[in-house]
Every structure is written in structure tokens, then in C-alpha cells.
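Content type compact mmCIF, C-alpha atoms, from the file upload_25.txt:
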```
# COMPACT_ATOMS: atom_id res chain seq x y z
CA MET M 1 -5.91 37.97 -59.94
CA SER M 2 -3.63 40.90 -60.86
CA LEU M 3 -2.90 43.72 -58.40
CA LYS M 4 -4.89 46.13 -60.57
CA SER M 5 -7.93 43.85 -60.60
CA GLU M 6 -7.69 43.26 -56.86
CA LEU M 7 -7.51 47.00 -56.18
CA ARG M 8 -10.52 47.55 -58.44
CA SER M 9 -12.49 44.92 -56.53
CA TYR M 10 -11.95 46.90 -53.32
CA LEU M 11 -12.25 50.42 -54.72
CA LYS M 12 -15.56 49.80 -56.49
CA PRO M 13 -17.58 48.97 -53.35
CA LEU M 14 -15.73 51.70 -51.45
CA GLY M 15 -16.74 54.27 -54.07
CA GLU M 16 -20.33 53.02 -53.99
CA SER M 17 -20.44 53.33 -50.21
CA VAL M 18 -19.05 56.87 -50.25
CA LEU M 19 -21.61 57.86 -52.87
CA ALA M 20 -24.38 56.27 -50.78
CA ILE M 21 -23.24 58.23 -47.71
CA LEU M 22 -23.44 61.48 -49.66
CA ILE M 23 -26.88 60.61 -51.03
CA GLY M 24 -28.11 59.71 -47.54
CA ALA M 25 -26.71 62.95 -46.12
CA VAL M 26 -28.43 65.00 -48.82
CA ILE M 27 -31.77 63.26 -48.23
CA GLY M 28 -31.34 63.80 -44.51
CA ALA M 29 -30.64 67.49 -45.08
CA VAL M 30 -33.83 67.82 -47.11
CA VAL M 31 -35.82 66.16 -44.31
CA LEU M 32 -34.29 68.55 -41.76
CA TRP M 33 -35.06 71.55 -43.95
CA LEU M 34 -38.66 70.46 -44.52
CA SER M 35 -39.03 70.02 -40.76
CA GLY M 36 -37.84 73.56 -40.10
CA TYR M 37 -34.30 72.89 -38.88
CA ASP M 38 -30.96 74.22 -40.08
CA ALA M 39 -29.33 71.24 -41.78
CA VAL M 40 -25.89 72.85 -42.07
CA THR M 41 -25.74 73.66 -38.36
CA ALA M 42 -27.03 70.20 -37.44
CA TYR M 43 -24.47 68.39 -39.59
CA LYS M 44 -21.65 70.58 -38.29
CA ALA M 45 -22.64 69.58 -34.76
CA LEU M 46 -22.79 65.91 -35.78
CA ILE M 47 -19.27 66.03 -37.21
CA GLN M 48 -17.98 68.06 -34.26
CA GLY M 49 -19.47 65.57 -31.82
CA SER M 50 -17.86 62.67 -33.66
CA PHE M 51 -14.43 63.97 -34.72
CA GLY M 52 -14.10 67.51 -33.32
CA SER M 53 -11.65 66.65 -30.55
CA LEU M 54 -9.55 63.77 -29.30
CA GLY M 55 -12.16 62.98 -26.67
CA ASN M 56 -15.00 63.01 -29.21
CA PHE M 57 -13.05 60.80 -31.63
CA ALA M 58 -12.29 58.43 -28.75
CA GLU M 59 -16.03 58.12 -28.06
CA THR M 60 -16.63 57.38 -31.74
CA LEU M 61 -14.12 54.52 -31.65
CA SER M 62 -15.50 53.28 -28.34
CA LYS M 63 -19.04 53.08 -29.70
CA SER M 64 -17.80 51.31 -32.82
CA THR M 65 -16.09 48.49 -30.89
CA PRO M 66 -19.05 46.15 -30.24
CA LEU M 67 -20.55 46.99 -33.65
CA ILE M 68 -17.43 45.79 -35.48
CA LEU M 69 -17.57 42.45 -33.67
CA THR M 70 -21.30 41.79 -34.13
CA ALA M 71 -20.99 42.82 -37.78
CA ILE M 72 -18.34 40.14 -38.21
CA THR M 73 -20.86 37.60 -36.88
CA PHE M 74 -23.34 38.49 -39.61
CA ALA M 75 -20.62 38.81 -42.27
CA ILE M 76 -19.27 35.30 -41.65
CA GLY M 77 -22.79 33.93 -41.90
CA ALA M 78 -23.51 35.84 -45.11
CA ARG M 79 -20.29 34.58 -46.69
CA THR M 80 -21.37 31.03 -45.80
CA GLY M 81 -24.82 31.52 -47.31
CA LEU M 82 -26.57 32.09 -43.96
CA PHE M 83 -28.68 34.96 -42.61
CA ASN M 84 -27.49 34.64 -39.03
CA ILE M 85 -29.14 37.30 -36.85
CA GLY M 86 -28.35 35.61 -33.55
CA ALA M 87 -25.53 37.91 -32.50
CA GLU M 88 -27.82 39.76 -30.08
CA GLY M 89 -28.29 36.78 -27.79
CA ALA M 90 -24.59 35.91 -27.87
CA VAL M 91 -23.74 39.49 -26.83
CA TYR M 92 -25.92 39.14 -23.72
CA PHE M 93 -24.30 35.91 -22.66
CA GLY M 94 -20.80 37.11 -23.48
CA ALA M 95 -21.38 39.98 -21.06
CA ILE M 96 -22.90 37.69 -18.39
CA ALA M 97 -20.00 35.25 -18.74
CA ALA M 98 -17.43 38.03 -18.29
CA VAL M 99 -19.17 39.29 -15.15
CA ALA M 100 -19.47 35.77 -13.71
CA VAL M 101 -15.97 34.49 -14.43
CA THR M 102 -14.06 37.61 -13.39
CA GLN M 103 -15.59 37.51 -9.91
CA SER M 104 -13.27 34.58 -9.23
CA LEU M 105 -10.54 34.83 -11.89
CA ARG M 106 -9.75 38.51 -11.60
CA ASN M 107 -7.90 39.10 -14.85
CA PRO M 108 -9.02 40.36 -18.27
CA VAL M 109 -7.94 37.23 -20.15
CA SER M 110 -10.40 35.07 -18.24
CA GLY M 111 -13.27 37.44 -19.08
CA ILE M 112 -12.35 37.54 -22.75
CA LEU M 113 -12.07 33.75 -23.00
CA ALA M 114 -15.38 33.33 -21.17
CA GLY M 115 -17.10 35.65 -23.63
CA LEU M 116 -15.67 33.78 -26.60
CA LEU M 117 -16.60 30.34 -25.26
CA VAL M 118 -20.10 31.15 -24.03
CA GLY M 119 -20.92 33.09 -27.20
CA ALA M 120 -19.99 30.06 -29.28
CA LEU M 121 -21.96 27.69 -27.04
CA TRP M 122 -25.05 29.87 -27.23
CA MET M 123 -24.97 29.76 -31.03
CA LEU M 124 -24.68 25.96 -31.19
CA PRO M 125 -28.40 25.07 -30.82
CA ALA M 126 -29.34 27.23 -33.83
CA ALA M 127 -26.47 25.66 -35.76
CA VAL M 128 -27.62 22.11 -34.95
CA LEU M 129 -31.24 22.93 -35.84
CA LYS M 130 -30.12 24.37 -39.17
CA VAL M 131 -27.72 21.61 -40.14
CA TYR M 132 -29.56 18.52 -38.91
CA ARG M 133 -33.22 19.55 -38.92
CA GLY M 134 -33.34 22.15 -41.67
CA VAL M 135 -34.77 24.89 -39.41
CA HIS M 136 -34.21 28.27 -41.06
CA GLU M 137 -31.63 30.29 -39.15
CA VAL M 138 -33.72 33.47 -39.17
CA ILE M 139 -36.54 31.75 -37.27
CA SER M 140 -34.31 29.95 -34.78
CA THR M 141 -31.99 32.88 -34.05
CA ILE M 142 -34.89 35.30 -33.50
CA MET M 143 -36.41 32.86 -31.00
CA PHE M 144 -33.08 32.31 -29.27
CA ASN M 145 -32.52 36.08 -29.06
CA TRP M 146 -35.68 36.45 -26.98
CA ILE M 147 -34.79 33.46 -24.83
CA ALA M 148 -31.37 35.01 -24.29
CA PHE M 149 -32.85 38.39 -23.37
CA TYR M 150 -35.12 37.07 -20.64
CA LEU M 151 -32.67 34.48 -19.33
CA ALA M 152 -29.81 36.99 -19.23
CA SER M 153 -32.11 39.56 -17.56
CA TRP M 154 -32.94 37.02 -14.86
CA LEU M 155 -29.28 36.21 -14.31
CA ALA M 156 -28.42 39.92 -14.11
CA LEU M 157 -31.19 40.71 -11.63
CA GLU M 158 -31.25 37.58 -9.48
CA VAL M 159 -27.92 35.78 -9.68
CA TYR M 160 -25.31 38.48 -10.27
CA GLU M 161 -27.17 41.43 -8.80
CA ASN M 162 -25.13 44.16 -7.13
CA PRO M 163 -26.31 44.51 -3.49
CA MET M 164 -24.93 48.05 -3.46
CA ASN M 165 -26.72 49.07 -6.66
CA PRO M 166 -29.97 47.34 -7.68
CA ASN M 167 -29.73 48.90 -11.16
CA SER M 168 -26.74 46.84 -12.25
CA THR M 169 -24.92 43.55 -11.88
CA LEU M 170 -21.82 43.01 -9.83
CA PRO M 171 -19.06 45.14 -11.40
CA ILE M 172 -16.04 43.72 -13.16
CA PRO M 173 -13.23 43.69 -10.54
CA PRO M 174 -10.56 46.37 -11.11
CA GLY M 175 -7.92 43.79 -11.96
CA ALA M 176 -10.03 42.40 -14.82
CA ARG M 177 -10.92 45.73 -16.43
CA LEU M 178 -9.40 46.71 -19.76
CA PRO M 179 -7.08 49.73 -19.66
CA LEU M 180 -8.30 52.99 -21.20
CA LEU M 181 -6.46 54.31 -24.26
CA VAL M 182 -7.56 57.93 -23.77
CA LYS M 183 -8.09 59.48 -20.34
CA ASN M 184 -11.57 60.70 -19.42
CA SER M 185 -13.12 58.66 -22.22
CA THR M 186 -14.68 55.23 -22.64
CA LEU M 187 -12.16 54.10 -25.27
CA SER M 188 -10.37 51.04 -23.97
CA LEU M 189 -8.10 48.30 -25.23
CA GLY M 190 -11.30 46.65 -26.43
CA PHE M 191 -11.13 48.66 -29.66
CA VAL M 192 -7.67 47.26 -30.43
CA ILE M 193 -8.95 43.76 -29.69
CA ALA M 194 -11.86 44.32 -32.09
CA LEU M 195 -9.47 45.46 -34.84
CA PHE M 196 -7.22 42.46 -34.20
CA THR M 197 -10.24 40.14 -34.38
CA ALA M 198 -11.33 41.62 -37.71
CA VAL M 199 -7.87 41.06 -39.17
CA VAL M 200 -7.71 37.49 -37.84
CA VAL M 201 -11.14 36.71 -39.34
CA TYR M 202 -10.03 38.22 -42.67
CA ILE M 203 -6.95 35.97 -42.71
CA LEU M 204 -9.09 32.99 -41.72
CA MET M 205 -11.69 33.62 -44.43
CA TRP M 206 -9.37 34.48 -47.32
CA HIS M 207 -6.09 32.74 -46.55
CA THR M 208 -6.93 29.39 -44.95
CA LYS M 209 -8.51 26.15 -46.09
CA LEU M 210 -11.39 26.55 -43.63
CA GLY M 211 -12.17 30.03 -44.93
CA TYR M 212 -12.15 28.78 -48.51
CA GLU M 213 -14.61 26.04 -47.55
CA LEU M 214 -16.89 28.55 -45.80
CA ARG M 215 -16.93 30.95 -48.76
CA THR M 216 -17.30 28.18 -51.35
CA SER M 217 -20.24 26.69 -49.45
CA GLY M 218 -21.84 30.11 -49.42
CA LEU M 219 -21.41 30.62 -53.14
CA ASN M 220 -22.72 27.21 -54.19
CA SER M 221 -23.22 24.42 -51.68
CA ARG M 222 -23.77 21.79 -54.38
CA ALA M 223 -20.57 22.64 -56.19
CA ALA M 224 -18.72 22.74 -52.87
CA GLU M 225 -19.99 19.27 -51.98
CA TYR M 226 -18.97 17.99 -55.40
CA GLY M 227 -15.49 19.35 -54.74
CA GLY M 228 -15.17 17.45 -51.48
CA ILE M 229 -16.35 20.17 -49.08
CA ASN M 230 -18.98 19.34 -46.48
CA PRO M 231 -21.41 22.33 -46.39
CA LYS M 232 -22.88 21.16 -43.08
CA VAL M 233 -19.51 21.37 -41.38
CA ALA M 234 -18.96 24.79 -42.94
CA MET M 235 -22.29 26.00 -41.52
CA LEU M 236 -21.41 24.70 -38.07
CA TRP M 237 -18.10 26.55 -38.12
CA SER M 238 -19.83 29.70 -39.35
CA PHE M 239 -22.20 29.69 -36.37
CA VAL M 240 -19.44 28.90 -33.87
CA ILE M 241 -17.02 31.57 -35.08
CA GLY M 242 -19.84 34.10 -35.32
CA GLY M 243 -20.92 33.27 -31.78
CA MET M 244 -17.38 33.81 -30.56
CA THR M 245 -17.10 37.31 -32.00
CA ALA M 246 -20.54 38.33 -30.69
CA GLY M 247 -19.76 36.91 -27.25
CA LEU M 248 -16.50 38.84 -27.31
CA ALA M 249 -18.45 42.02 -28.04
CA GLY M 250 -20.52 41.54 -24.90
CA ALA M 251 -17.48 40.79 -22.76
CA LEU M 252 -15.57 43.83 -23.97
CA GLN M 253 -18.57 46.07 -23.43
CA VAL M 254 -18.66 45.37 -19.69
CA MET M 255 -14.92 44.98 -19.19
CA GLY M 256 -13.87 48.12 -21.02
CA VAL M 257 -16.57 50.78 -20.65
CA PRO M 258 -16.48 52.95 -17.52
CA PRO M 259 -17.77 54.01 -15.11
CA SER M 260 -19.96 51.07 -14.10
CA TYR M 261 -18.08 48.13 -15.67
CA SER M 262 -21.26 46.10 -15.27
CA ILE M 263 -24.52 45.20 -17.02
CA SER M 264 -27.18 47.84 -16.53
CA GLN M 265 -30.77 47.05 -15.58
CA GLY M 266 -32.73 45.76 -18.57
CA LEU M 267 -29.43 44.93 -20.31
CA ALA M 268 -29.48 48.57 -21.46
CA ASN M 269 -25.75 48.89 -22.13
CA VAL M 270 -25.51 45.68 -24.18
CA TYR M 271 -28.88 45.82 -25.90
CA GLY M 272 -29.19 46.29 -29.68
CA TYR M 273 -25.59 45.74 -30.75
CA GLY M 274 -26.38 42.43 -32.43
CA PHE M 275 -29.13 43.97 -34.54
CA ASP M 276 -27.09 47.09 -35.36
CA GLY M 277 -24.26 44.83 -36.46
CA ILE M 278 -26.41 43.61 -39.36
CA GLY M 279 -26.48 47.11 -40.83
CA VAL M 280 -22.76 47.58 -40.17
CA SER M 281 -22.00 44.34 -42.00
CA LEU M 282 -24.13 45.31 -45.00
CA VAL M 283 -22.43 48.70 -45.20
CA GLY M 284 -19.05 46.96 -44.97
CA ARG M 285 -20.12 44.55 -47.77
CA ASN M 286 -19.90 41.57 -45.42
CA HIS M 287 -16.12 41.85 -45.38
CA PRO M 288 -14.15 41.65 -42.10
CA LEU M 289 -12.02 44.66 -43.04
CA GLY M 290 -14.91 46.60 -44.52
CA VAL M 291 -16.86 46.37 -41.26
CA ILE M 292 -14.07 48.25 -39.47
CA PHE M 293 -14.80 51.41 -41.47
CA ALA M 294 -18.54 50.79 -41.37
CA GLY M 295 -18.41 50.33 -37.61
CA ILE M 296 -16.57 53.63 -37.19
CA LEU M 297 -19.22 55.33 -39.36
CA PHE M 298 -21.99 53.99 -37.14
CA GLY M 299 -19.99 54.90 -34.06
CA ALA M 300 -19.63 58.45 -35.37
CA LEU M 301 -23.37 58.76 -35.91
CA ASN M 302 -24.02 57.56 -32.37
CA ALA M 303 -21.33 59.75 -30.80
CA GLY M 304 -22.38 62.88 -32.69
CA ALA M 305 -26.09 62.49 -32.00
CA THR M 306 -25.87 64.15 -28.58
CA GLN M 307 -24.20 67.29 -29.91
CA MET M 308 -26.62 67.39 -32.83
CA GLN M 309 -29.45 67.57 -30.30
CA GLN M 310 -27.87 70.66 -28.76
CA THR M 311 -28.66 72.59 -31.97
CA GLY M 312 -32.37 72.17 -31.24
CA VAL M 313 -32.93 69.05 -33.31
CA PRO M 314 -34.98 66.60 -31.17
CA LEU M 315 -33.71 63.10 -30.53
CA GLU M 316 -36.44 61.57 -32.69
CA MET M 317 -35.33 63.64 -35.69
CA VAL M 318 -31.68 62.76 -35.01
CA LYS M 319 -32.63 59.07 -35.18
CA VAL M 320 -34.53 59.69 -38.43
CA ILE M 321 -31.43 61.27 -40.01
CA GLU M 322 -29.25 58.42 -38.75
CA GLY M 323 -31.69 55.91 -40.20
CA ILE M 324 -31.78 57.62 -43.60
CA ILE M 325 -27.99 57.65 -43.86
CA ILE M 326 -27.71 54.04 -42.69
CA VAL M 327 -30.38 52.78 -45.10
CA ALA M 328 -28.79 54.65 -48.01
CA VAL M 329 -25.38 53.15 -47.26
CA ALA M 330 -26.71 49.64 -46.57
CA VAL M 331 -28.77 49.32 -49.77
CA PRO M 332 -25.81 48.50 -52.11
CA GLY M 333 -24.53 45.80 -49.75
CA LEU M 334 -28.01 44.38 -49.25
CA LEU M 335 -28.63 44.19 -53.00
CA ASP M 336 -25.23 42.60 -53.54
CA MET M 337 -25.96 39.94 -50.91
CA PHE M 338 -29.39 39.08 -52.31
CA LEU M 339 -28.01 38.87 -55.86
CA LYS M 340 -25.38 36.40 -54.68
CA LEU M 341 -27.99 34.32 -52.86
CA PHE M 342 -30.21 34.37 -55.96
CA ARG M 343 -27.36 33.21 -58.19
CA ARG M 344 -26.48 30.48 -55.73
CA ASP M 345 -30.06 29.18 -55.62
CA ARG M 346 -30.27 29.23 -59.44
CA ALA M 347 -27.03 27.31 -59.81
```
Please go through the file and, once you have read it, give me the structure as C-alpha cells.
Amino acid sequence: MSLKSELRSYLKPLGESVLAILIGAVIGAVVLWLSGYDAVTAYKALIQGSFGSLGNFAETLSKSTPLILTAITFAIGARTGLFNIGAEGAVYFGAIAAVAVTQSLRNPVSGILAGLLVGALWMLPAAVLKVYRGVHEVISTIMFNWIAFYLASWLALEVYENPMNPNSTLPIPPGARLPLLVKNSTLSLGFVIALFTAVVVYILMWHTKLGYELRTSGLNSRAAEYGGINPKVAMLWSFVIGGMTAGLAGALQVMGVPPSYSISQGLANVYGYGFDGIGVSLVGRNHPLGVIFAGILFGALNAGATQMQQTGVPLEMVKVIEGIIIVAVAVPGLLDMFLKLFRRDRA
């Protein structure tokens, strides 16, 4: 592929995403106007809350960190021909593992490795059911997400409860916490780790034999098998690597976000990142580098929502606007993914 063709392959989806953002913003403005709110003032507040100062931008990057990692989980699955929505459960157990391990091994490396390992282990049952029993990954991962939620909730409340604060688990010891990159913010070294992970996954998927096998299996499993690639092994690796990145997201969320450095009651501070990562991946066209920018976009929407509320727009309307923008941006990636799956099934 020539340099010009390669650039075009990246610029085309980028242009489509930018156009989708503008369309979503316009639709959102119309909804605000019809509801009696000043759209210009609301959007100014949203941008100010996301990028208006160093502290606000730091919060945007902080909120994007777990989203980038869970989006990679879905992206790897999509590239392998899977619809893996099990990142949510792996996030819970990545966080639990970090809390548990760092109580004894009081250093950040141990927490990170625990999150990676436990996230991968949690994803293995769904992988085995898919590969050896033909159970569809959507069904199995949804079921395992609920199992993970209630099991992790029990562990947080009964096993690793904080006797000084019944609303959280034991905190991550100071020696195992990730350093902050910006003072008086929640932006930690976790964001750099997320970026590094995205780059490593990109190299793995596009510049290694294993990545070629994963992508080829996703495009056409029959052709891949004819060419000497085992699609079952590719699926197993897809689940394992995806579980690692989701588990890492959970670990970084408790190790790098002050002030509690723990899991809140009801898993509140780790809940939803696995599901949100699906949208981030679709916006980023299921590409490890694309999800970086998509994750920052989602982080900006989350960070700016509070300041948008201060203009008089209620939280429910803020969520409506966020949803409109997200849906508008995700549609091109979703259509692209379904078209690829359709072509693969017809092949």
C-alpha cells in the first residue's frame, strides 16, 4: 500500500467522524432550543468544562483513561469477528485484584499485574464456551457481567471492606498509588499507561504474526483456516488480550484516582466503563489508535457535563445531548462493522 493510500485510509474515517460530531452537535442544539434552553451558552459551558483550563483538561484525560482500555477490549474482539461485551465484568475484577494484592505487595507494579492477570482469567470461561461449545459471546458475556457485578460487590462489602468507612473497600496503600500528573486533579500516570497500551495493541494487531491471524480470522475464518490459521486459537487470544486491557482499566481506576483510592459502595466508581467502551470503540472505528481520540471525546463530554448543568440545563437533558452526539458519531463505525460481518458471513 502506498503512503498516499494509507493516509487516505486513515483520513476518510477521521473526516466521517468529525462530520458526525458536527451533525450530532447540531441535533443536540435543536433539542436544547426546543426544550427552552440556550444552546450556545450550554455548549460554551461544555467546552469550558472540558478544555477551558489545565485542570479541566486534566479531568477530561482522567475520565478518558478507563474508556480507552475497555474500548480496546471491544475493538480486539470486533477485529477478530467477535462481539465481546464482557469488559464490564473484567473491570470489576481488575479493580478487586488491585485492592487485594496491594494490601500485601505495596507497589504499583503488583496492582497493575494483578489487574491484567485477573482480567484475562475472568474472560476465559466465555472464551472456552465460544470456542468449544459454540455459545454466542453476547449471551455468555452478558451473563458473566452480572455474575461479576454481584460477586465483586460481595467481595467489596464483605471481604475487603474498610472498617473505617463502610462505603468503600480498603484503600490502595500510599506506596502502590499511581503518581498524579497534574496537582489538584485526578489525572495520574494511568493515562500514560493507557496510551502505551493502545500503542502496544496497535503494534501487536498490525505488525505481528499473531495480530495478522486475529484480523484474518475476523475477516474470513474459512479462508484463514485454509491458509493455516486456527480461528479457535485466534478467538482465545482475542478474549485473553481483551480481558487484560479491561482488567487493567479497573486496576488503574482504583490505583490512580484520588481521593479514596478504593472501590466505592455498589462499585459506583468502576461501574459502566465496560459498556461505555463499546461506544468509544465504535467511534474509534475499532482501531487501537482511533480509540485514543474517541476516548478523549467521551471524557470531554463527561468532564464538561457538570459545568453545562450550571447554565440551568438539568442533568437529564445533559445526558440526552451526550447520547445524541455519541449515537451520531458511533453510527458510521457501527455500520462499517456490520458490513464487514455481513461480507464475512457471505464469503
Give me the residues within 8 Å of region 196-203 of chain M as a PyMOL selection string, counting all atoms listed in the file and dropping any in the same chain fewer than 3 places off. chain M and resi 68-69+72+192-193+206-208+245+287-289+292
File of the preceding selection, C-alpha atoms, as a PDB file, in the frame of the given file:
```pdb
ATOM      1  CA  ILE M  68     -17.430  45.790 -35.480  1.00  0.00           C
ATOM      2  CA  LEU M  69     -17.570  42.450 -33.670  1.00  0.00           C
ATOM      3  CA  ILE M  72     -18.340  40.140 -38.210  1.00  0.00           C
ATOM      4  CA  VAL M 192      -7.670  47.260 -30.430  1.00  0.00           C
ATOM      5  CA  ILE M 193      -8.950  43.760 -29.690  1.00  0.00           C
ATOM      6  CA  TRP M 206      -9.370  34.480 -47.320  1.00  0.00           C
ATOM      7  CA  HIS M 207      -6.090  32.740 -46.550  1.00  0.00           C
ATOM      8  CA  THR M 208      -6.930  29.390 -44.950  1.00  0.00           C
ATOM      9  CA  THR M 245     -17.100  37.310 -32.000  1.00  0.00           C
ATOM     10  CA  HIS M 287     -16.120  41.850 -45.380  1.00  0.00           C
ATOM     11  CA  PRO M 288     -14.150  41.650 -42.100  1.00  0.00           C
ATOM     12  CA  LEU M 289     -12.020  44.660 -43.040  1.00  0.00           C
ATOM     13  CA  ILE M 292     -14.070  48.250 -39.470  1.00  0.00           C
TER      14      ILE M 292
END
```
Could you give me, as a PyMOL selection string, the residues within 12 Å of Leu22 (chain M), counting only C-alpha atoms and dropping anything in the same chain fewer than 4 positions from it? chain M and resi 15-18+26-29+324-326+328-329
Excluding region 256-262 of chain M and residues on its chain fewer than 3 positions from it, collect all residues at most 7 Å away from it, counting all atoms listed in the file, and give them as number ranges by chain. M: 168-172, 177-178, 186, 188, 190, 252-253
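Between CA of Tyr273 (chain M) and CA of Ser62 (chain M) there is a distance of 12.8 Å.
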Selected residue of minimal separation from Met308 (chain M) among M:Ile296, M:Glu322, M:Ile241, M:Ala97, counting all atoms listed in the file: M:Glu322
Within 6 Å of (-30.9, 49.5, -12.5), all atoms listed in the file: residues as a PyMOL selection string? chain M and resi 166-168+264-265
